[in-house]
$ cat my_file_0.txt   # compact mmCIF, C-alpha atoms
# COMPACT_ATOMS: atom_id res chain seq x y z
CA MET K 19 26.66 0.50 24.86
CA ASN K 20 24.41 -2.34 23.93
CA ILE K 21 24.65 -2.60 20.18
CA SER K 22 22.71 -5.84 19.94
CA ALA K 23 19.67 -4.06 21.33
CA ILE K 24 19.78 -1.67 18.40
CA THR K 25 20.20 -4.37 15.81
CA THR K 26 17.36 -6.55 17.05
CA GLY K 27 15.00 -3.58 17.28
CA PHE K 28 15.70 -2.43 13.76
CA PRO K 29 12.91 -3.26 11.32
CA THR K 30 14.93 -4.43 8.31
CA SER K 31 15.75 -8.09 8.32
CA SER K 32 19.38 -8.22 7.23
CA LEU K 33 20.80 -6.55 10.30
CA GLY K 34 20.53 -9.05 13.08
CA SER K 35 22.10 -12.23 11.91
CA THR K 36 24.46 -11.75 8.99
CA ILE K 37 27.97 -11.08 10.19
CA LYS K 38 29.50 -12.66 13.23
CA PRO K 39 33.21 -11.93 13.35
CA ASP K 40 35.38 -14.89 14.27
CA PHE K 41 38.15 -13.95 16.65
CA GLY K 42 39.89 -17.30 16.93
CA ALA K 43 38.78 -20.75 17.98
CA GLY K 44 38.78 -20.46 21.76
CA GLU K 45 37.08 -17.11 22.17
CA PRO K 46 33.30 -16.75 22.32
CA THR K 47 31.80 -14.81 19.41
CA SER K 48 31.96 -11.13 20.22
CA PRO K 49 29.33 -8.53 19.30
CA GLN K 50 29.60 -6.72 15.98
CA GLY K 51 32.13 -3.98 15.49
CA PHE K 52 31.37 -0.47 14.34
CA GLY K 53 32.47 -1.20 10.81
CA ASP K 54 30.24 -4.23 10.44
CA LEU K 55 27.31 -2.36 11.88
CA LEU K 56 27.78 0.55 9.49
CA LYS K 57 28.13 -1.84 6.60
CA ASN K 58 24.95 -3.69 7.50
CA ILE K 59 22.95 -0.50 7.93
CA THR K 60 24.11 0.79 4.57
CA GLN K 61 23.32 -2.52 2.88
CA SER K 62 19.81 -2.70 4.29
CA ALA K 63 19.11 0.90 3.31
CA VAL K 64 20.32 0.25 -0.22
CA ALA K 65 18.19 -2.92 -0.42
CA ALA K 66 15.08 -1.03 0.73
CA LEU K 67 15.70 1.69 -1.81
CA GLN K 68 16.17 -0.85 -4.58
CA SER K 69 12.91 -2.66 -3.82
CA GLY K 70 11.10 0.69 -3.72
CA GLU K 71 12.56 1.64 -7.07
CA GLN K 72 11.58 -1.70 -8.59
CA THR K 73 7.96 -1.24 -7.56
CA ALA K 74 7.99 2.34 -8.82
CA ILE K 75 9.31 1.21 -12.19
CA ALA K 76 6.66 -1.56 -12.33
CA ALA K 77 4.00 1.07 -11.64
CA ILE K 78 5.32 3.30 -14.42
CA GLU K 79 5.15 0.33 -16.77
CA GLY K 80 1.57 -0.26 -15.68
CA LYS K 81 2.24 -3.57 -13.94
CA ALA K 82 1.66 -2.38 -10.38
CA SER K 83 -0.91 -0.02 -8.92
CA ILE K 84 -0.09 3.54 -8.01
CA GLN K 85 -0.94 2.80 -4.40
CA SER K 86 1.56 -0.03 -4.09
CA ALA K 87 4.25 2.06 -5.77
CA VAL K 88 3.69 4.95 -3.40
CA MET K 89 3.67 2.61 -0.40
CA ALA K 90 6.87 0.83 -1.44
CA THR K 91 8.63 4.11 -2.15
CA MET K 92 7.49 5.53 1.16
CA GLU K 93 8.62 2.44 3.03
CA ALA K 94 12.00 2.57 1.32
CA GLU K 95 12.33 6.24 2.15
CA GLN K 96 11.48 5.59 5.77
CA SER K 97 13.91 2.74 6.24
CA LEU K 98 16.56 4.86 4.57
CA GLN K 99 15.81 7.71 6.94
CA ALA K 100 15.95 5.36 9.92
CA ALA K 101 19.21 3.84 8.68
CA LEU K 102 20.71 7.29 8.17
CA ALA K 103 19.65 8.43 11.61
CA ILE K 104 21.12 5.34 13.24
CA ARG K 105 24.28 5.67 11.20
CA ASP K 106 24.70 9.30 12.23
CA LYS K 107 24.24 8.29 15.83
CA ILE K 108 26.82 5.51 15.59
CA VAL K 109 29.32 7.68 13.76
CA GLY K 110 28.81 10.31 16.43
CA ALA K 111 29.52 7.75 19.12
CA PHE K 112 32.62 6.58 17.28
CA LEU K 113 33.93 10.13 16.93
CA GLU K 114 33.21 10.70 20.56
CA ILE K 115 35.36 7.71 21.47
CA SER K 116 38.13 8.65 19.03
CA ARG K 117 38.36 12.14 20.52
CA MET K 118 38.72 10.73 24.02
CA GLN K 119 41.90 11.70 25.84
CA ILE K 120 43.91 8.75 27.02
CA MET P 2 6.82 -5.96 9.07
CA SER P 3 5.26 -6.43 12.46
CA ASP P 4 5.69 -2.78 13.29
CA PRO P 5 2.15 -1.49 13.95
CA LEU P 6 2.69 1.82 12.20
CA ILE P 7 4.00 0.12 9.07
CA ALA P 8 1.12 -2.37 9.34
CA SER P 9 -1.41 0.43 9.61
CA MET P 10 0.02 1.93 6.47
CA SER P 11 -0.41 -1.35 4.63
CA VAL P 12 -3.98 -1.63 5.94
CA SER P 13 -4.72 1.85 4.65
CA SER P 14 -3.07 0.90 1.40
CA SER P 15 -5.49 -2.02 1.05
CA GLY P 16 -8.32 0.44 1.69
CA LEU P 17 -6.98 2.66 -1.09
CA SER P 18 -6.89 -0.29 -3.49
CA ALA P 19 -10.40 -1.35 -2.51
CA GLN P 20 -11.80 2.13 -3.06
CA SER P 21 -10.03 2.50 -6.38
CA LEU P 22 -11.55 -0.78 -7.53
CA ARG P 23 -14.93 0.52 -6.39
CA MET P 24 -14.30 3.64 -8.43
CA ARG P 25 -13.57 1.43 -11.44
CA VAL P 26 -16.88 -0.38 -11.04
CA ILE P 27 -18.72 2.94 -10.73
CA SER P 28 -17.13 4.30 -13.88
CA GLU P 29 -17.98 1.09 -15.70
CA ASN P 30 -21.60 1.53 -14.67
CA LEU P 31 -21.66 5.18 -15.71
CA ALA P 32 -19.93 4.52 -19.01
CA ASN P 33 -22.35 1.73 -19.85
CA SER P 34 -25.49 3.52 -18.72
CA GLN P 35 -26.74 3.57 -22.32
CA SER P 36 -25.35 0.22 -23.48
CA THR P 37 -28.22 -1.78 -24.92
CA GLY P 38 -28.12 -5.29 -26.28
CA ALA P 39 -27.07 -5.88 -29.88
CA SER P 40 -29.96 -8.04 -31.08
CA PRO P 41 -33.74 -7.58 -30.71
CA GLY P 42 -34.90 -8.33 -27.19
CA ALA P 43 -31.37 -8.89 -25.90
CA ASP P 44 -30.51 -7.88 -22.36
CA PRO P 45 -28.61 -4.60 -21.97
CA TYR P 46 -25.67 -3.91 -19.64
CA ARG P 47 -26.49 -4.98 -16.11
CA ARG P 48 -25.28 -2.72 -13.31
CA LYS P 49 -22.29 -4.09 -11.39
CA THR P 50 -22.03 -3.97 -7.62
CA ILE P 51 -18.97 -4.44 -5.43
CA THR P 52 -18.79 -5.81 -1.91
CA PHE P 53 -15.86 -5.73 0.47
CA GLY P 54 -14.74 -8.18 3.11
CA SER P 55 -12.13 -8.20 5.82
CA THR P 56 -9.03 -10.34 5.41
CA LEU P 57 -6.40 -11.22 7.96
CA ASP P 58 -2.93 -10.38 6.74
CA ARG P 59 -0.89 -13.16 8.30
CA VAL P 60 2.45 -11.38 7.90
CA SER P 61 1.53 -8.33 9.97
CA GLY P 62 -1.45 -9.77 11.86
CA ALA P 63 -3.57 -6.81 10.76
CA THR P 64 -7.05 -7.02 9.26
CA THR P 65 -7.03 -5.58 5.77
CA VAL P 66 -9.91 -5.00 3.40
CA SER P 67 -10.32 -6.91 0.19
CA THR P 68 -12.86 -7.18 -2.57
CA GLN P 69 -15.30 -9.92 -1.76
CA LYS P 70 -17.27 -10.04 -4.94
CA ILE P 71 -18.13 -8.03 -8.01
CA ALA P 72 -21.74 -9.04 -8.61
CA HIS P 73 -24.59 -7.85 -10.77
CA ASP P 74 -27.59 -5.83 -9.68
CA PRO P 75 -30.63 -8.09 -10.23
CA SER P 76 -33.16 -5.23 -10.43
CA ASN P 77 -35.41 -4.77 -13.46
CA PHE P 78 -34.35 -3.01 -16.63
CA ALA P 79 -36.02 0.19 -17.71
CA ILE P 80 -38.11 -0.12 -20.87
CA GLU P 81 -37.98 2.65 -23.46
CA TYR P 82 -39.82 3.04 -26.75
CA GLN P 83 -37.12 3.27 -29.44
CA PRO P 84 -38.34 1.55 -32.59
CA GLY P 85 -35.20 2.44 -34.56
CA SER P 86 -32.80 0.73 -32.19
CA PRO P 87 -31.27 -2.61 -33.21
CA ALA P 88 -32.16 -3.90 -29.74
CA ALA P 89 -35.86 -3.05 -30.11
CA ASN P 90 -38.27 -5.95 -29.87
CA ALA P 91 -41.23 -6.46 -32.22
CA ALA P 92 -43.28 -3.80 -30.42
CA GLY P 93 -40.43 -1.26 -30.63
CA TYR P 94 -39.41 -1.33 -26.99
CA VAL P 95 -35.78 -1.43 -25.87
CA LYS P 96 -34.49 -2.64 -22.51
CA MET P 97 -32.17 -0.02 -21.03
CA PRO P 98 -29.50 -0.75 -18.39
CA ASN P 99 -30.58 -0.64 -14.74
CA VAL P 100 -28.00 2.07 -14.01
CA ASN P 101 -29.23 5.07 -12.05
CA SER P 102 -26.71 7.83 -12.46
CA ILE P 103 -27.79 9.56 -9.26
CA ILE P 104 -27.03 6.41 -7.27
CA GLU P 105 -23.69 6.13 -9.05
CA MET P 106 -22.87 9.74 -8.22
CA ALA P 107 -23.64 9.16 -4.56
CA ASP P 108 -21.52 6.01 -4.62
CA MET P 109 -18.71 7.93 -6.25
CA LYS P 110 -18.80 10.57 -3.57
CA GLU P 111 -18.70 7.87 -0.91
CA ALA P 112 -15.72 6.18 -2.59
CA ASN P 113 -14.01 9.54 -2.75
CA ARG P 114 -14.56 10.20 0.94
CA ALA P 115 -13.39 6.73 1.96
CA TYR P 116 -10.28 7.11 -0.19
CA GLU P 117 -9.60 10.44 1.41
CA SER P 118 -9.86 9.07 4.94
CA ASN P 119 -7.52 6.19 4.09
CA LEU P 120 -5.05 8.68 2.67
CA GLN P 121 -5.29 10.72 5.81
CA ALA P 122 -4.56 7.60 7.89
CA VAL P 123 -1.46 6.90 5.78
CA ARG P 124 -0.34 10.49 6.19
CA GLN P 125 -0.79 10.35 9.92
CA ALA P 126 1.06 7.04 10.33
CA ARG P 127 3.92 8.32 8.20
CA GLU P 128 4.17 11.43 10.30
CA MET P 129 4.31 9.34 13.47
CA VAL P 130 7.13 7.20 12.04
CA SER P 131 9.06 10.30 10.96
CA MET P 132 8.60 11.89 14.34
CA THR P 133 10.01 8.80 16.01
CA ILE P 134 13.02 8.70 13.70
CA ASP P 135 13.59 12.39 14.34
CA LEU P 136 14.14 11.55 18.01
CA LEU P 137 17.50 10.11 17.00
CA ARG P 138 18.48 13.19 15.08
CA SER P 139 17.72 16.06 17.37
CA GLY P 140 19.13 14.58 20.57
CA ASN P 141 22.69 14.62 19.33

$ encode --input "my_file_0.txt" --output "structure tokens"
Amino acid sequence: MNISAITTGFPTSSLGSTIKPDFGAGEPTSPQGFGDLLKNITQSAVAALQSGEQTAIAAIEGKASIQSAVMATMEAEQSLQAALAIRDKIVGAFLEISRMQI
Amino acid sequence: MSDPLIASMSVSSSGLSAQSLRMRVISENLANSQSTGASPGADPYRRKTITFGSTLDRVSGATTVSTQKIAHDPSNFAIEYQPGSPAANAAGYVKMPNVNSIIEMADMKEANRAYESNLQAVRQAREMVSMTIDLLRSGN
């Protein structure tokens, strides 16, 4: 399974480059583990939600236009949905592997 | 941000902002359609016009719409005989604003329609994004 293909195709910025686990000096850097991937997805979803909420609050206070608030909220909702869908997929894959008979 | 669907939503969002600004100008014109000057012979409210221009959004590479200029309509004022008005000149005539409410109504309708079509574009783009995300869900 090519996880790096998923991370580079994902629209939010924090996924691709943040965590590179170090497995000792001699080894080449390995791709991200499931845990790191889940963590990154959750973080980016939370960040998108937070920015959407900030714009919504600014609009309620009259500092931003209704249009920008709606757009930011919608964008946040969509990246959350995408993150959730990818997370479900990854968790499904993990469960699949953990159920495997050895 | 370079995703075309997200970019199309931000383009439509700029269209929404442009049309809402146009609506503001129209309501200013309508509200001030009877605003005369304060002193004898003074000019009354002059009708405002709004023009739009295309702008390249360098982040997404899409062409958005922006307000080019809010200018004033240079056409002549209507003259009315109102000797009691503080803006009346020596002969009793008052300059009235060059606002034609029928033109403003037609403009308003046009702004409304343009806003509606931008909204529809947003709706459609959002649906396409959701449909794509749903691909991940259903094929479990």

$ atom_distance --input "my_file_0.txt" --atom1 "atom CA of Glu71 of chain K" --atom2 "atom CA of Thr91 of chain K"
6.8 Å

$ closest_residue --input "my_file_0.txt" --among "K:Ala111, K:Ile59, K:Val88, K:Ala100" --to "Gln72 of chain K" --atoms "all atoms listed in the file"
K:Val88

$ closest_residue --input "my_file_0.txt" --among "K:Gln61, K:Thr73, K:Gln119, K:Gln85" --to "chain P" --atoms "all atoms listed in the file"
K:Gln85

$ interface_residues --input "my_file_0.txt" --of "chain K" --to "chain P" --cutoff "10 Å" --atoms "all atoms listed in the file" --output "ChimeraX atom specification"
/K:29-31,83-86,88-90,92-93,96-97,99-107,110-111

$ axis_aligned_box --input "my_file_0.txt" --around "segment 119-127 of chain P" --padding-each-side "5 Å" --output "AutoDock Vina command-line options"
--center_x -1.8 --center_y 8.5 --center_z 6.5 --size_x 21.4 --size_y 14.5 --size_z 17.7

$ residues_around --input "my_file_0.txt" --residues "Pro87 of chain P" --least-positions-apart "5" --cutoff "9 Å" --atoms "all atoms listed in the file" --output "PyMOL selection string"
chain P and resi 37-41+95

$ atom_distance --input "my_file_0.txt" --atom1 "atom CA of Thr50 of chain P" --atom2 "atom CA of Ala107 of chain P"
13.6 Å

$ atom_distance --input "my_file_0.txt" --atom1 "atom CA of Thr60 of chain K" --atom2 "atom CA of Ala82 of chain K"
27.2 Å

$ decode --input "my_file_0.txt" --residues "segment 75-89 of chain P" --atoms "N, CA and C atoms" --output "PDB file, in the first residue's frame"
ATOM      1  N   PRO P  75     -22.518  60.776 -14.453  1.00  0.00           N
ATOM      2  CA  PRO P  75     -22.371  62.204 -14.766  1.00  0.00           C
ATOM      3  C   PRO P  75     -23.612  62.848 -15.384  1.00  0.00           C
ATOM      4  N   SER P  76     -24.719  62.102 -15.502  1.00  0.00           N
ATOM      5  CA  SER P  76     -25.885  62.643 -16.212  1.00  0.00           C
ATOM      6  C   SER P  76     -26.499  63.819 -15.444  1.00  0.00           C
ATOM      7  N   ASN P  77     -27.373  64.550 -16.128  1.00  0.00           N
ATOM      8  CA  ASN P  77     -27.923  65.790 -15.562  1.00  0.00           C
ATOM      9  C   ASN P  77     -28.907  65.508 -14.434  1.00  0.00           C
ATOM     10  N   PHE P  78     -29.010  66.479 -13.526  1.00  0.00           N
ATOM     11  CA  PHE P  78     -29.988  66.359 -12.445  1.00  0.00           C
ATOM     12  C   PHE P  78     -31.352  66.787 -12.961  1.00  0.00           C
ATOM     13  N   ALA P  79     -32.389  66.207 -12.322  1.00  0.00           N
ATOM     14  CA  ALA P  79     -33.738  66.663 -12.647  1.00  0.00           C
ATOM     15  C   ALA P  79     -33.997  67.956 -11.875  1.00  0.00           C
ATOM     16  N   ILE P  80     -34.754  68.853 -12.483  1.00  0.00           N
ATOM     17  CA  ILE P  80     -35.069  70.126 -11.831  1.00  0.00           C
ATOM     18  C   ILE P  80     -36.541  70.120 -11.445  1.00  0.00           C
ATOM     19  N   GLU P  81     -36.817  70.424 -10.183  1.00  0.00           N
ATOM     20  CA  GLU P  81     -38.204  70.465  -9.719  1.00  0.00           C
ATOM     21  C   GLU P  81     -38.493  71.822  -9.087  1.00  0.00           C
ATOM     22  N   TYR P  82     -39.715  72.258  -9.204  1.00  0.00           N
ATOM     23  CA  TYR P  82     -40.111  73.537  -8.596  1.00  0.00           C
ATOM     24  C   TYR P  82     -40.576  73.281  -7.182  1.00  0.00           C
ATOM     25  N   GLN P  83     -39.755  73.639  -6.199  1.00  0.00           N
ATOM     26  CA  GLN P  83     -40.089  73.454  -4.777  1.00  0.00           C
ATOM     27  C   GLN P  83     -39.594  74.683  -4.031  1.00  0.00           C
ATOM     28  N   PRO P  84     -40.353  75.748  -4.040  1.00  0.00           N
ATOM     29  CA  PRO P  84     -39.847  76.995  -3.449  1.00  0.00           C
ATOM     30  C   PRO P  84     -39.574  76.887  -1.953  1.00  0.00           C
ATOM     31  N   GLY P  85     -40.238  75.971  -1.253  1.00  0.00           N
ATOM     32  CA  GLY P  85     -40.063  75.873   0.190  1.00  0.00           C
ATOM     33  C   GLY P  85     -38.818  75.133   0.607  1.00  0.00           C
ATOM     34  N   SER P  86     -38.177  74.454  -0.321  1.00  0.00           N
ATOM     35  CA  SER P  86     -37.028  73.621   0.051  1.00  0.00           C
ATOM     36  C   SER P  86     -35.802  74.471   0.365  1.00  0.00           C
ATOM     37  N   PRO P  87     -35.014  74.053   1.348  1.00  0.00           N
ATOM     38  CA  PRO P  87     -33.781  74.797   1.657  1.00  0.00           C
ATOM     39  C   PRO P  87     -32.780  74.766   0.513  1.00  0.00           C
ATOM     40  N   ALA P  88     -32.926  73.813  -0.406  1.00  0.00           N
ATOM     41  CA  ALA P  88     -31.992  73.720  -1.530  1.00  0.00           C
ATOM     42  C   ALA P  88     -32.481  74.498  -2.754  1.00  0.00           C
ATOM     43  N   ALA P  89     -33.623  75.193  -2.625  1.00  0.00           N
ATOM     44  CA  ALA P  89     -34.174  75.912  -3.776  1.00  0.00           C
ATOM     45  C   ALA P  89     -33.317  77.131  -4.098  1.00  0.00           C
TER      46      ALA P  89
END
